[in-house]
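Only one structure is covered here, and it is reproduced in the block below.
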Amino acid sequence: MLYRSYQSYCHRLQHDMYFLTSTSRLNEQVVDKIVLQLNRVYPQILTNEEAEKFRNPKASLHTRLSDLLKHLQKKGDRHCQEFYRALQINAEQLFNDLPSRKILSKLTCPVFFLACFSVAAGLALFWYCCNSETQVIGRARRILGFSPIIIGRHVRNICMLYLEDMSRN
């Protein structure tokens, strides 16, 4: 549930907006560099008129940055993604400190660990069952036969066929 709210860049930008617009996070030069990058490298994201509006020194930095972020959110996910890319290039430390990045890193760490552990456990079970000195093929067949939820049906069928071939030899 928490992960789904941060899948799109627009949602992430909405979540990060307060952090980015708070005082002294982004200075005038960094905001100008981001606007120029979005205008020059990706002119379809910010036109010349829009870039001038967001670089106008008469308006406060907070107002210009808030308007820029709202404008990008209205334009869509790709525009928000390019903002994050420009932010990473021009203010990498700030990019790494974003609240949405911290939440995503907290969510992906356990998933990565579980995936690695599952692969290691599967390989260990497979190696143990295929060892010629052990006589646990019948037990392993029962375990694999009752585990369609743990491993995919296709993988389970391949393991079962391999175990049957091993029991014939």
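How things are named: the first chain in the structure tokens is A, the next is B, and so on; residues count from 1 in each chain; ligands count from 1 in the order shown.
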Check: Near Asn96 (chain A), within 12 Å and counting only C-alpha atoms, which residues show up once chain neighbours fewer than 4 positions away are dropped, as a list in words?
Finding: Asp16, Tyr84, Arg85, Leu87, Gln88, Ile89, Asn90, Ala91, Glu92, Ser100, Arg101, Lys102, Ile103, Leu104 and Ser105 of chain A
Could you please take those selected residues and save N, CA, C and O atoms as an mmCIF file, in the first residue's frame?
```cif
data_model
loop_
_atom_site.group_PDB
_atom_site.id
_atom_site.type_symbol
_atom_site.label_atom_id
_atom_site.label_comp_id
_atom_site.auth_asym_id
_atom_site.auth_seq_id
_atom_site.Cartn_x
_atom_site.Cartn_y
_atom_site.Cartn_z
ATOM 1 N N ASP A 16 7.293 15.190 -2.048
ATOM 2 C CA ASP A 16 8.555 15.886 -1.812
ATOM 3 C C ASP A 16 8.436 17.406 -1.881
ATOM 4 O O ASP A 16 9.399 18.115 -1.588
ATOM 5 N N TYR A 84 13.236 15.254 -11.627
ATOM 6 C CA TYR A 84 14.071 14.480 -10.697
ATOM 7 C C TYR A 84 15.457 14.229 -11.293
ATOM 8 O O TYR A 84 16.460 14.260 -10.581
ATOM 9 N N ARG A 85 15.507 13.983 -12.582
ATOM 10 C CA ARG A 85 16.804 13.778 -13.236
ATOM 11 C C ARG A 85 17.649 15.053 -13.174
ATOM 12 O O ARG A 85 18.841 15.017 -12.866
ATOM 13 N N LEU A 87 17.327 17.439 -10.976
ATOM 14 C CA LEU A 87 17.679 17.645 -9.577
ATOM 15 C C LEU A 87 18.867 16.772 -9.181
ATOM 16 O O LEU A 87 19.771 17.224 -8.476
ATOM 17 N N GLN A 88 18.878 15.554 -9.662
ATOM 18 C CA GLN A 88 19.991 14.651 -9.345
ATOM 19 C C GLN A 88 21.300 15.170 -9.939
ATOM 20 O O GLN A 88 22.339 15.108 -9.296
ATOM 21 N N ILE A 89 21.246 15.695 -11.131
ATOM 22 C CA ILE A 89 22.455 16.206 -11.784
ATOM 23 C C ILE A 89 22.963 17.467 -11.088
ATOM 24 O O ILE A 89 24.172 17.617 -10.871
ATOM 25 N N ASN A 90 22.063 18.368 -10.706
ATOM 26 C CA ASN A 90 22.465 19.671 -10.187
ATOM 27 C C ASN A 90 22.549 19.754 -8.665
ATOM 28 O O ASN A 90 23.198 20.663 -8.146
ATOM 29 N N ALA A 91 21.890 18.856 -7.961
ATOM 30 C CA ALA A 91 21.931 18.873 -6.487
ATOM 31 C C ALA A 91 21.816 17.437 -5.983
ATOM 32 O O ALA A 91 20.797 17.040 -5.411
ATOM 33 N N GLU A 92 22.866 16.676 -6.188
ATOM 34 C CA GLU A 92 22.820 15.241 -5.888
ATOM 35 C C GLU A 92 22.581 14.952 -4.410
ATOM 36 O O GLU A 92 21.825 14.042 -4.072
ATOM 37 N N SER A 100 10.879 10.819 -0.370
ATOM 38 C CA SER A 100 10.386 9.699 -1.180
ATOM 39 C C SER A 100 11.496 8.702 -1.493
ATOM 40 O O SER A 100 11.249 7.506 -1.586
ATOM 41 N N ARG A 101 12.730 9.161 -1.639
ATOM 42 C CA ARG A 101 13.849 8.249 -1.882
ATOM 43 C C ARG A 101 14.140 7.412 -0.649
ATOM 44 O O ARG A 101 14.477 6.253 -0.742
ATOM 45 N N LYS A 102 14.007 8.016 0.526
ATOM 46 C CA LYS A 102 14.258 7.268 1.751
ATOM 47 C C LYS A 102 13.208 6.193 1.958
ATOM 48 O O LYS A 102 13.524 5.085 2.376
ATOM 49 N N ILE A 103 11.950 6.508 1.647
ATOM 50 C CA ILE A 103 10.881 5.512 1.787
ATOM 51 C C ILE A 103 11.088 4.386 0.790
ATOM 52 O O ILE A 103 10.945 3.214 1.124
ATOM 53 N N LEU A 104 11.432 4.717 -0.454
ATOM 54 C CA LEU A 104 11.662 3.680 -1.458
ATOM 55 C C LEU A 104 12.833 2.791 -1.081
ATOM 56 O O LEU A 104 12.790 1.586 -1.279
ATOM 57 N N SER A 105 13.889 3.364 -0.528
ATOM 58 C CA SER A 105 15.037 2.536 -0.156
ATOM 59 C C SER A 105 14.686 1.626 1.013
ATOM 60 O O SER A 105 15.166 0.499 1.091
#
```
Check: Using the chain letters and numbers from this document, which residues of region 8-72 of chain A does DSSP assign to alpha helix (DSSP H), as a ChimeraX atom specification?
Finding: /A:9-21,28-40,48-54,61-72
Notebook entry, point to check: So which one's closest to Leu38 (chain A), A:Gln73, A:Ser66, A:Ser118, A:Gln81? Using only C-alpha atoms, please.
Noted result: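 Residue with the minimum atom-to-atom distance to Leu38 (chain A): A:Gln81.
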Check: CA of Arg40 (chain A) and CA of Asp97 (chain A), how far apart in Å?
Finding: 26.2 Å
Next item on the list: Please indicate the distance in Å from CA of Ser8 (chain A) to CA of Leu20 (chain A), rounded to one decimal place.
Entry: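 It comes out at 17.5 Å.
Closest approach to Ser60 (chain A) from the set A:Gln93, A:Thr21, A:Gln44, A:Asn39 is made by A:Thr21, with distances taken over only C-alpha atoms.
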Notebook entry, point to check: In Å to one decimal, how far is CA of Tyr9 (chain A) from CA of Asp77 (chain A)?
Noted result: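 Between CA of Asp77 (chain A) and CA of Tyr9 (chain A) the gap works out to 5.4 Å.
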